[in-house]
Amino acid sequence: MTVVALVGTQWGDEGKGKITDVLASQADVVVRYQGGNNAGHTVVVGETTYKLHLIPSGILSSGTTCIIGNGVVVDPQVLCSELETLSRGGISTDNLYVSERAHVIMPYHRVLDQLEEAQRPWKIGTTGRGIGPAYVDKYRRIGIRMLDLTSPERLEKALDQVLAFHNPLLQKVYGHPGFSKSELLEEYLEYGRKLAPRLADTSLMIHRARQQGLNILLEGAQGTLLDIDHGTYPFVTSSNPTAGGAAPGAGLGPNQIDKVIGVVKAYTTRVGEGPFPAELHDATGQLIRERGREYGTTTGRPRRCGWFDAVLVRYAARVNGLTGLAVTLLDVLDVLEEIKVCVAYEYRGQRLEHFPTDLDVLRECTPVYATLPGWQQDLSGVKSYEDLPPQARGYLEFIAEQVGCRVQIVSVGPRRDQTVFLEPVLAP
Ligand code: IMP
């Protein structure tokens, strides 16, 4: 029995979906513990590409139980439509369960997300899916939970409370007409009816799975630098994608997490605004964007691309307690003659080894690069670590040394069979 948390170590989009999908075939239970449909997973199975935003990518492995944990904010409309898409593709969703404690994203959250973003002088670049406002209501203690969708009386009471708060705000501040209780009641009770068979005390399910000695994968969405506490605030999401968030978000104790695997791209990308020291504004950045298909799964936005930033991943290793790295998209660098790694920042003549808190400092940091030779070979067919050219192994070893964490998995393409395990992650 092993409980593994899988987290993003950069600004999200590290390829967690693919690594989860590969590990899910060895896991009995996959749990998402935070975020909502702001995430996007692209998983390729055979010739088919699946884009999922909410449902854990483990759903594509038959026999794996998938859980949307209490720490996730759930948009029932999106959940129902993803369930339909999967069913149409012949994928069974019978094993998908949703925590009855998970908070619901309501239409007013989506509207508020977009209105608030439009009104901000500096843009966070939110996905506009209502994630932030849904978490705000959770902490304001006027949120609606999945369980509430199954009771007309409770949902009506909850809507009375929340609309009394949001409608005047929408009407007086934003000139929006507001939301009708009866319409929301009708639509969301219908979701409640559809989803009721999947609602469960998922913490108890996870507890029982542990007692049975099953392998459990806790899947984080977004990444460390988007974490509300440890990320580049305020250019962050509203939850804790870091491994610490996995315990309350899934409903288990922190001492029950055996390993923490950090998924890391062989380079760096970022969607949305905020400082990014190793960003490339040149042809190499464009080449990485095209070869890595670096366009958002959720919004289609082109991602900003740059070299591997060891300062940033060293920080991620610290705040997540990483026990291993899964390096993804190594093949994207195949054509490069030389590859740079940012090993430190320079700030006003000072060398910084650790990621700064102050974004004004980060904004002024320039990268200190080490230059390594490229391998200029196609890695997409590589099946074992020994098959990698020496320059590629050298690159991985350099990253591991800089970050202070072992590389356990290397991904050289989007397919499941393009994955090299250096060490087993889940117990057989
Ligand atoms: P929100 O989570 O929609 O509120 O967006 C807040 C910030 O997190 C924005 O910069 C988004 O672009 C970013 N973000 C949210 N989810 C993801 C993701 O899955 N990948 C990358 N960036 C994300």
# chains A, B, ... in the order shown; residues from 1 in each chain; ligands from 1
call {"tool": "select_by_dssp", "arguments": {"residues": "segment 173-296 of chain A", "states": "strand (DSSP E or B)", "output": "mmCIF file with all heavy atoms, in the first residue's frame"}}
result
data_model
loop_
_atom_site.group_PDB
_atom_site.id
_atom_site.type_symbol
_atom_site.label_atom_id
_atom_site.label_comp_id
_atom_site.auth_asym_id
_atom_site.auth_seq_id
_atom_site.Cartn_x
_atom_site.Cartn_y
_atom_site.Cartn_z
ATOM 1 N N LEU A 199 -22.493 10.759 -4.996
ATOM 2 C CA LEU A 199 -22.060 11.509 -3.822
ATOM 3 C C LEU A 199 -21.725 10.544 -2.686
ATOM 4 O O LEU A 199 -22.443 9.571 -2.455
ATOM 5 C CB LEU A 199 -23.144 12.486 -3.366
ATOM 6 C CG LEU A 199 -23.519 13.577 -4.368
ATOM 7 C CD1 LEU A 199 -24.436 14.600 -3.704
ATOM 8 C CD2 LEU A 199 -22.288 14.271 -4.934
ATOM 9 N N ALA A 200 -20.617 10.825 -2.006
ATOM 10 C CA ALA A 200 -20.189 9.903 -0.955
ATOM 11 C C ALA A 200 -19.337 10.632 0.067
ATOM 12 O O ALA A 200 -18.849 11.730 -0.187
ATOM 13 C CB ALA A 200 -19.376 8.772 -1.586
ATOM 14 N N ILE A 216 -3.000 4.460 -3.566
ATOM 15 C CA ILE A 216 -3.825 5.664 -3.723
ATOM 16 C C ILE A 216 -2.975 6.793 -4.283
ATOM 17 O O ILE A 216 -1.866 7.050 -3.801
ATOM 18 C CB ILE A 216 -4.430 6.089 -2.361
ATOM 19 C CG1 ILE A 216 -5.274 4.944 -1.799
ATOM 20 C CG2 ILE A 216 -5.259 7.369 -2.491
ATOM 21 C CD1 ILE A 216 -5.705 5.116 -0.363
ATOM 22 N N LEU A 217 -3.493 7.439 -5.310
ATOM 23 C CA LEU A 217 -2.799 8.564 -5.928
ATOM 24 C C LEU A 217 -3.600 9.834 -5.671
ATOM 25 O O LEU A 217 -4.784 9.903 -5.988
ATOM 26 C CB LEU A 217 -2.720 8.293 -7.440
ATOM 27 C CG LEU A 217 -1.854 9.219 -8.263
ATOM 28 C CD1 LEU A 217 -0.403 9.091 -7.860
ATOM 29 C CD2 LEU A 217 -2.015 8.885 -9.744
ATOM 30 N N LEU A 218 -2.947 10.823 -5.074
ATOM 31 C CA LEU A 218 -3.610 12.103 -4.790
ATOM 32 C C LEU A 218 -3.133 13.082 -5.852
ATOM 33 O O LEU A 218 -1.937 13.389 -5.925
ATOM 34 C CB LEU A 218 -3.224 12.592 -3.389
ATOM 35 C CG LEU A 218 -3.434 11.580 -2.259
ATOM 36 C CD1 LEU A 218 -2.825 12.098 -0.958
ATOM 37 C CD2 LEU A 218 -4.920 11.287 -2.069
ATOM 38 N N GLU A 219 -4.055 13.534 -6.676
ATOM 39 C CA GLU A 219 -3.681 14.302 -7.852
ATOM 40 C C GLU A 219 -3.929 15.797 -7.633
ATOM 41 O O GLU A 219 -5.062 16.225 -7.438
ATOM 42 C CB GLU A 219 -4.534 13.792 -9.030
ATOM 43 C CG GLU A 219 -4.325 14.526 -10.312
ATOM 44 C CD GLU A 219 -5.338 14.125 -11.398
ATOM 45 O OE1 GLU A 219 -6.120 13.171 -11.200
ATOM 46 O OE2 GLU A 219 -5.336 14.786 -12.438
ATOM 47 N N LYS A 259 4.676 9.365 -0.259
ATOM 48 C CA LYS A 259 5.629 9.946 -1.222
ATOM 49 C C LYS A 259 5.015 11.171 -1.870
ATOM 50 O O LYS A 259 3.794 11.242 -2.037
ATOM 51 C CB LYS A 259 5.928 8.952 -2.349
ATOM 52 C CG LYS A 259 6.664 7.712 -1.914
ATOM 53 C CD LYS A 259 6.883 6.805 -3.108
ATOM 54 C CE LYS A 259 7.526 5.495 -2.685
ATOM 55 N NZ LYS A 259 7.680 4.580 -3.804
ATOM 56 N N VAL A 260 5.861 12.099 -2.260
ATOM 57 C CA VAL A 260 5.384 13.283 -2.982
ATOM 58 C C VAL A 260 6.204 13.411 -4.269
ATOM 59 O O VAL A 260 7.418 13.652 -4.226
ATOM 60 C CB VAL A 260 5.528 14.563 -2.132
ATOM 61 C CG1 VAL A 260 4.973 15.760 -2.903
ATOM 62 C CG2 VAL A 260 4.813 14.431 -0.788
ATOM 63 N N ILE A 261 5.537 13.208 -5.392
ATOM 64 C CA ILE A 261 6.229 13.289 -6.688
ATOM 65 C C ILE A 261 5.929 14.649 -7.318
ATOM 66 O O ILE A 261 4.770 15.036 -7.467
ATOM 67 C CB ILE A 261 5.751 12.169 -7.644
ATOM 68 C CG1 ILE A 261 5.927 10.783 -7.002
ATOM 69 C CG2 ILE A 261 6.489 12.242 -8.994
ATOM 70 C CD1 ILE A 261 7.340 10.396 -6.700
ATOM 71 N N GLY A 262 6.975 15.346 -7.692
ATOM 72 C CA GLY A 262 6.819 16.644 -8.339
ATOM 73 C C GLY A 262 6.921 16.489 -9.848
ATOM 74 O O GLY A 262 7.932 16.008 -10.359
ATOM 75 N N VAL A 263 5.856 16.860 -10.547
ATOM 76 C CA VAL A 263 5.904 16.808 -12.012
ATOM 77 C C VAL A 263 6.509 18.119 -12.489
ATOM 78 O O VAL A 263 6.094 19.202 -12.061
ATOM 79 C CB VAL A 263 4.502 16.595 -12.618
ATOM 80 C CG1 VAL A 263 4.592 16.409 -14.125
ATOM 81 C CG2 VAL A 263 3.829 15.398 -11.975
ATOM 82 N N VAL A 264 7.510 17.998 -13.356
ATOM 83 C CA VAL A 264 8.239 19.182 -13.787
ATOM 84 C C VAL A 264 8.524 19.094 -15.285
ATOM 85 O O VAL A 264 8.944 18.049 -15.780
ATOM 86 C CB VAL A 264 9.538 19.326 -12.949
ATOM 87 C CG1 VAL A 264 10.517 18.191 -13.166
ATOM 88 C CG2 VAL A 264 10.210 20.649 -13.193
ATOM 89 N N LYS A 265 8.266 20.175 -15.967
ATOM 90 C CA LYS A 265 8.609 20.223 -17.393
ATOM 91 C C LYS A 265 10.115 20.352 -17.543
ATOM 92 O O LYS A 265 10.766 20.960 -16.679
ATOM 93 C CB LYS A 265 7.987 21.469 -18.019
ATOM 94 C CG LYS A 265 6.717 21.193 -18.728
ATOM 95 C CD LYS A 265 6.155 22.453 -19.340
ATOM 96 C CE LYS A 265 4.759 22.149 -19.815
ATOM 97 N NZ LYS A 265 3.939 23.284 -20.046
ATOM 98 N N THR A 268 10.276 25.713 -18.734
ATOM 99 C CA THR A 268 9.265 26.372 -17.886
ATOM 100 C C THR A 268 8.207 27.029 -18.758
ATOM 101 O O THR A 268 8.539 27.573 -19.813
ATOM 102 C CB THR A 268 9.923 27.471 -17.009
ATOM 103 O OG1 THR A 268 11.111 26.939 -16.421
ATOM 104 C CG2 THR A 268 9.002 27.963 -15.921
ATOM 105 N N THR A 269 6.939 26.974 -18.308
ATOM 106 C CA THR A 269 5.894 27.754 -18.994
ATOM 107 C C THR A 269 5.022 28.436 -17.952
ATOM 108 O O THR A 269 4.979 28.022 -16.789
ATOM 109 C CB THR A 269 4.965 26.885 -19.881
ATOM 110 O OG1 THR A 269 4.283 25.948 -19.053
ATOM 111 C CG2 THR A 269 5.718 26.184 -20.980
ATOM 112 N N ARG A 270 4.350 29.441 -18.405
ATOM 113 C CA ARG A 270 3.411 30.137 -17.519
ATOM 114 C C ARG A 270 2.261 30.700 -18.355
ATOM 115 O O ARG A 270 2.495 31.251 -19.434
ATOM 116 C CB ARG A 270 4.175 31.264 -16.817
ATOM 117 C CG ARG A 270 3.284 32.168 -16.050
ATOM 118 C CD ARG A 270 3.967 33.030 -15.036
ATOM 119 N NE ARG A 270 2.953 33.297 -14.023
ATOM 120 C CZ ARG A 270 3.088 34.082 -12.985
ATOM 121 N NH1 ARG A 270 4.221 34.679 -12.757
ATOM 122 N NH2 ARG A 270 2.102 34.264 -12.152
ATOM 123 N N GLU A 279 12.014 33.567 -18.723
ATOM 124 C CA GLU A 279 11.175 33.617 -19.936
ATOM 125 C C GLU A 279 12.022 33.929 -21.171
ATOM 126 O O GLU A 279 12.968 34.724 -21.119
ATOM 127 C CB GLU A 279 10.094 34.704 -19.773
ATOM 128 C CG GLU A 279 9.136 34.762 -20.954
ATOM 129 C CD GLU A 279 7.900 35.615 -20.686
ATOM 130 O OE1 GLU A 279 7.873 36.339 -19.660
ATOM 131 O OE2 GLU A 279 6.962 35.537 -21.501
ATOM 132 N N TYR A 295 -0.220 25.636 -25.688
ATOM 133 C CA TYR A 295 -1.430 26.460 -25.751
ATOM 134 C C TYR A 295 -2.394 25.879 -24.719
ATOM 135 O O TYR A 295 -2.536 24.660 -24.630
ATOM 136 C CB TYR A 295 -2.028 26.439 -27.168
ATOM 137 C CG TYR A 295 -1.091 27.072 -28.179
ATOM 138 C CD1 TYR A 295 -0.140 26.311 -28.843
ATOM 139 C CD2 TYR A 295 -1.127 28.447 -28.412
ATOM 140 C CE1 TYR A 295 0.756 26.893 -29.733
ATOM 141 C CE2 TYR A 295 -0.239 29.037 -29.306
ATOM 142 C CZ TYR A 295 0.697 28.259 -29.960
ATOM 143 O OH TYR A 295 1.579 28.845 -30.823
#
call {"tool": "residues_near_ligand", "arguments": {"ligand": "ligand 1", "cutoff": "8 Å", "atoms": "only C-alpha atoms and all ligand atoms", "output": "JSON, numbers by chain"}}
result
{"A": [11, 12, 13, 35, 36, 37, 38, 39, 40, 41, 113, 124, 125, 126, 127, 128, 129, 130, 131, 132, 221, 222, 223, 226, 235, 236, 237, 238, 270, 271, 272, 273, 296, 298]}
call {"tool": "select_by_dssp", "arguments": {"residues": "segment 239-384 of chain A", "states": "helix (DSSP H, G or I)", "output": "MDAnalysis selection string"}}
result
chainID A and resid 243:250 254:256 283:291 310:320 330:333 359:364
call {"tool": "residues_around", "arguments": {"residues": "segment 146-154 of chain A", "least_positions_apart": "2", "cutoff": "10 Å", "atoms": "only C-alpha atoms", "output": "number ranges by chain"}}
result
A: 70, 73-76, 98-105, 143-144, 156-160, 185-196, 199-200
call {"tool": "write_last_selection", "arguments": {"atoms": "N, CA, C and O atoms", "output": "short mmCIF file (atom, residue, chain, number, x, y, z; two decimals), in the first residue's frame"}}
result
data_model
loop_
_atom_site.label_atom_id
_atom_site.label_comp_id
_atom_site.auth_asym_id
_atom_site.auth_seq_id
_atom_site.Cartn_x
_atom_site.Cartn_y
_atom_site.Cartn_z
N ASN A 70 -13.19 16.58 -1.29
CA ASN A 70 -13.90 17.71 -0.67
C ASN A 70 -13.22 19.05 -0.92
O ASN A 70 -13.85 20.11 -0.88
N VAL A 73 -13.62 22.49 -5.94
CA VAL A 73 -14.90 23.19 -6.15
C VAL A 73 -15.48 22.66 -7.47
O VAL A 73 -14.79 22.62 -8.49
N VAL A 74 -16.73 22.21 -7.40
CA VAL A 74 -17.31 21.46 -8.52
C VAL A 74 -18.37 22.28 -9.24
O VAL A 74 -19.31 22.77 -8.62
N ASP A 75 -18.19 22.40 -10.55
CA ASP A 75 -19.24 23.00 -11.38
C ASP A 75 -20.07 21.83 -11.92
O ASP A 75 -19.60 21.10 -12.80
N PRO A 76 -21.28 21.62 -11.40
CA PRO A 76 -22.05 20.43 -11.78
C PRO A 76 -22.38 20.38 -13.26
O PRO A 76 -22.47 19.29 -13.84
N VAL A 98 -17.99 11.64 -5.93
CA VAL A 98 -17.76 13.05 -5.62
C VAL A 98 -18.04 13.26 -4.13
O VAL A 98 -19.05 12.75 -3.61
N SER A 99 -17.17 13.99 -3.49
CA SER A 99 -17.38 14.26 -2.06
C SER A 99 -18.64 15.07 -1.85
O SER A 99 -18.85 16.09 -2.51
N GLU A 100 -19.45 14.64 -0.90
CA GLU A 100 -20.67 15.42 -0.58
C GLU A 100 -20.29 16.74 0.09
O GLU A 100 -21.08 17.66 0.14
N ARG A 101 -19.04 16.85 0.56
CA ARG A 101 -18.58 18.08 1.20
C ARG A 101 -18.01 19.09 0.20
O ARG A 101 -17.67 20.20 0.59
N ALA A 102 -17.80 18.67 -1.04
CA ALA A 102 -17.19 19.59 -2.01
C ALA A 102 -18.13 20.76 -2.26
O ALA A 102 -19.35 20.60 -2.31
N HIS A 103 -17.55 21.94 -2.41
CA HIS A 103 -18.36 23.13 -2.66
C HIS A 103 -18.71 23.25 -4.15
O HIS A 103 -17.96 22.77 -5.00
N VAL A 104 -19.85 23.90 -4.39
CA VAL A 104 -20.40 23.98 -5.75
C VAL A 104 -20.06 25.34 -6.37
O VAL A 104 -20.19 26.37 -5.71
N ILE A 105 -19.63 25.32 -7.63
CA ILE A 105 -19.47 26.57 -8.38
C ILE A 105 -20.84 26.88 -8.98
O ILE A 105 -21.42 26.06 -9.70
N GLY A 143 -21.20 29.13 1.33
CA GLY A 143 -21.09 28.26 0.16
C GLY A 143 -22.18 27.20 0.12
O GLY A 143 -22.82 26.90 1.14
N ILE A 144 -22.37 26.65 -1.07
CA ILE A 144 -23.33 25.55 -1.25
C ILE A 144 -22.50 24.29 -1.49
O ILE A 144 -21.58 24.32 -2.31
N GLU A 156 -32.84 25.65 -1.01
CA GLU A 156 -33.58 26.92 -1.02
C GLU A 156 -33.07 27.86 0.07
O GLU A 156 -32.83 29.04 -0.16
N LYS A 157 -32.85 27.30 1.26
CA LYS A 157 -32.34 28.10 2.38
C LYS A 157 -30.96 28.67 2.07
O LYS A 157 -30.66 29.84 2.30
N ALA A 158 -30.12 27.81 1.48
CA ALA A 158 -28.75 28.24 1.15
C ALA A 158 -28.79 29.34 0.09
O ALA A 158 -28.04 30.31 0.17
N LEU A 159 -29.68 29.20 -0.89
CA LEU A 159 -29.77 30.22 -1.95
C LEU A 159 -30.29 31.54 -1.39
O LEU A 159 -29.83 32.61 -1.79
N ASP A 160 -31.23 31.46 -0.46
CA ASP A 160 -31.74 32.69 0.17
C ASP A 160 -30.59 33.47 0.78
O ASP A 160 -30.46 34.67 0.59
N LEU A 185 -32.76 27.12 -8.38
CA LEU A 185 -33.26 25.97 -7.62
C LEU A 185 -33.61 24.82 -8.57
O LEU A 185 -33.20 23.68 -8.37
N GLU A 186 -34.33 25.17 -9.62
CA GLU A 186 -34.76 24.14 -10.57
C GLU A 186 -33.55 23.46 -11.22
O GLU A 186 -33.42 22.24 -11.25
N GLU A 187 -32.62 24.31 -11.74
CA GLU A 187 -31.48 23.75 -12.47
C GLU A 187 -30.57 22.92 -11.56
O GLU A 187 -30.15 21.82 -11.91
N TYR A 188 -30.31 23.42 -10.35
CA TYR A 188 -29.32 22.74 -9.50
C TYR A 188 -29.89 21.53 -8.78
O TYR A 188 -29.16 20.59 -8.47
N LEU A 189 -31.23 21.51 -8.57
CA LEU A 189 -31.83 20.29 -8.01
C LEU A 189 -31.76 19.18 -9.05
O LEU A 189 -31.59 18.00 -8.72
N GLU A 190 -31.87 19.56 -10.31
CA GLU A 190 -31.77 18.57 -11.39
C GLU A 190 -30.35 17.96 -11.39
O GLU A 190 -30.19 16.74 -11.52
N TYR A 191 -29.32 18.81 -11.25
CA TYR A 191 -27.95 18.27 -11.15
C TYR A 191 -27.85 17.35 -9.94
O TYR A 191 -27.22 16.30 -9.99
N GLY A 192 -28.47 17.78 -8.85
CA GLY A 192 -28.44 16.97 -7.62
C GLY A 192 -29.03 15.59 -7.88
O GLY A 192 -28.48 14.58 -7.44
N ARG A 193 -30.15 15.55 -8.62
CA ARG A 193 -30.79 14.26 -8.92
C ARG A 193 -29.84 13.39 -9.75
O ARG A 193 -29.69 12.20 -9.51
N LYS A 194 -29.20 14.03 -10.76
CA LYS A 194 -28.30 13.27 -11.63
C LYS A 194 -27.07 12.75 -10.89
O LYS A 194 -26.60 11.65 -11.14
N LEU A 195 -26.55 13.59 -9.99
CA LEU A 195 -25.25 13.26 -9.38
C LEU A 195 -25.38 12.52 -8.04
O LEU A 195 -24.39 11.97 -7.54
N ALA A 196 -26.60 12.48 -7.48
CA ALA A 196 -26.79 11.88 -6.15
C ALA A 196 -26.15 10.49 -6.01
O ALA A 196 -25.49 10.22 -4.99
N LEU A 199 -22.49 10.76 -5.00
CA LEU A 199 -22.06 11.51 -3.82
C LEU A 199 -21.72 10.54 -2.69
O LEU A 199 -22.44 9.57 -2.46
N ALA A 200 -20.62 10.83 -2.01
CA ALA A 200 -20.19 9.90 -0.96
C ALA A 200 -19.34 10.63 0.07
O ALA A 200 -18.85 11.73 -0.19
#
call {"tool": "closest_residue", "arguments": {"among": "A:Val332, A:Ile228, A:Ile206, A:Ala24", "to": "Gly63 of chain A", "atoms": "only C-alpha atoms"}}
result
A:Ala24
call {"tool": "closest_residue", "arguments": {"among": "A:Val111, A:Val410, A:Thr202, A:Arg120", "to": "Gly175 of chain A", "atoms": "only C-alpha atoms"}}
result
A:Val111
call {"tool": "residues_around", "arguments": {"residues": "Ile91 of chain A", "least_positions_apart": "3", "cutoff": "12 Å", "atoms": "only C-alpha atoms", "output": "PyMOL selection string"}}
result
chain A and resi 45+48+50+57-63+82-88+94-96
call {"tool": "residues_around", "arguments": {"residues": "Gly213 of chain A", "least_positions_apart": "5", "cutoff": "10 Å", "atoms": "only C-alpha atoms", "output": "VMD selection string"}}
result
chain A and resid 1 to 3 28 208
call {"tool": "closest_residue", "arguments": {"among": "A:Val382, A:Cys66, A:Ala316, A:Leu336", "to": "Ser25 of chain A", "atoms": "only C-alpha atoms"}}
result
A:Cys66
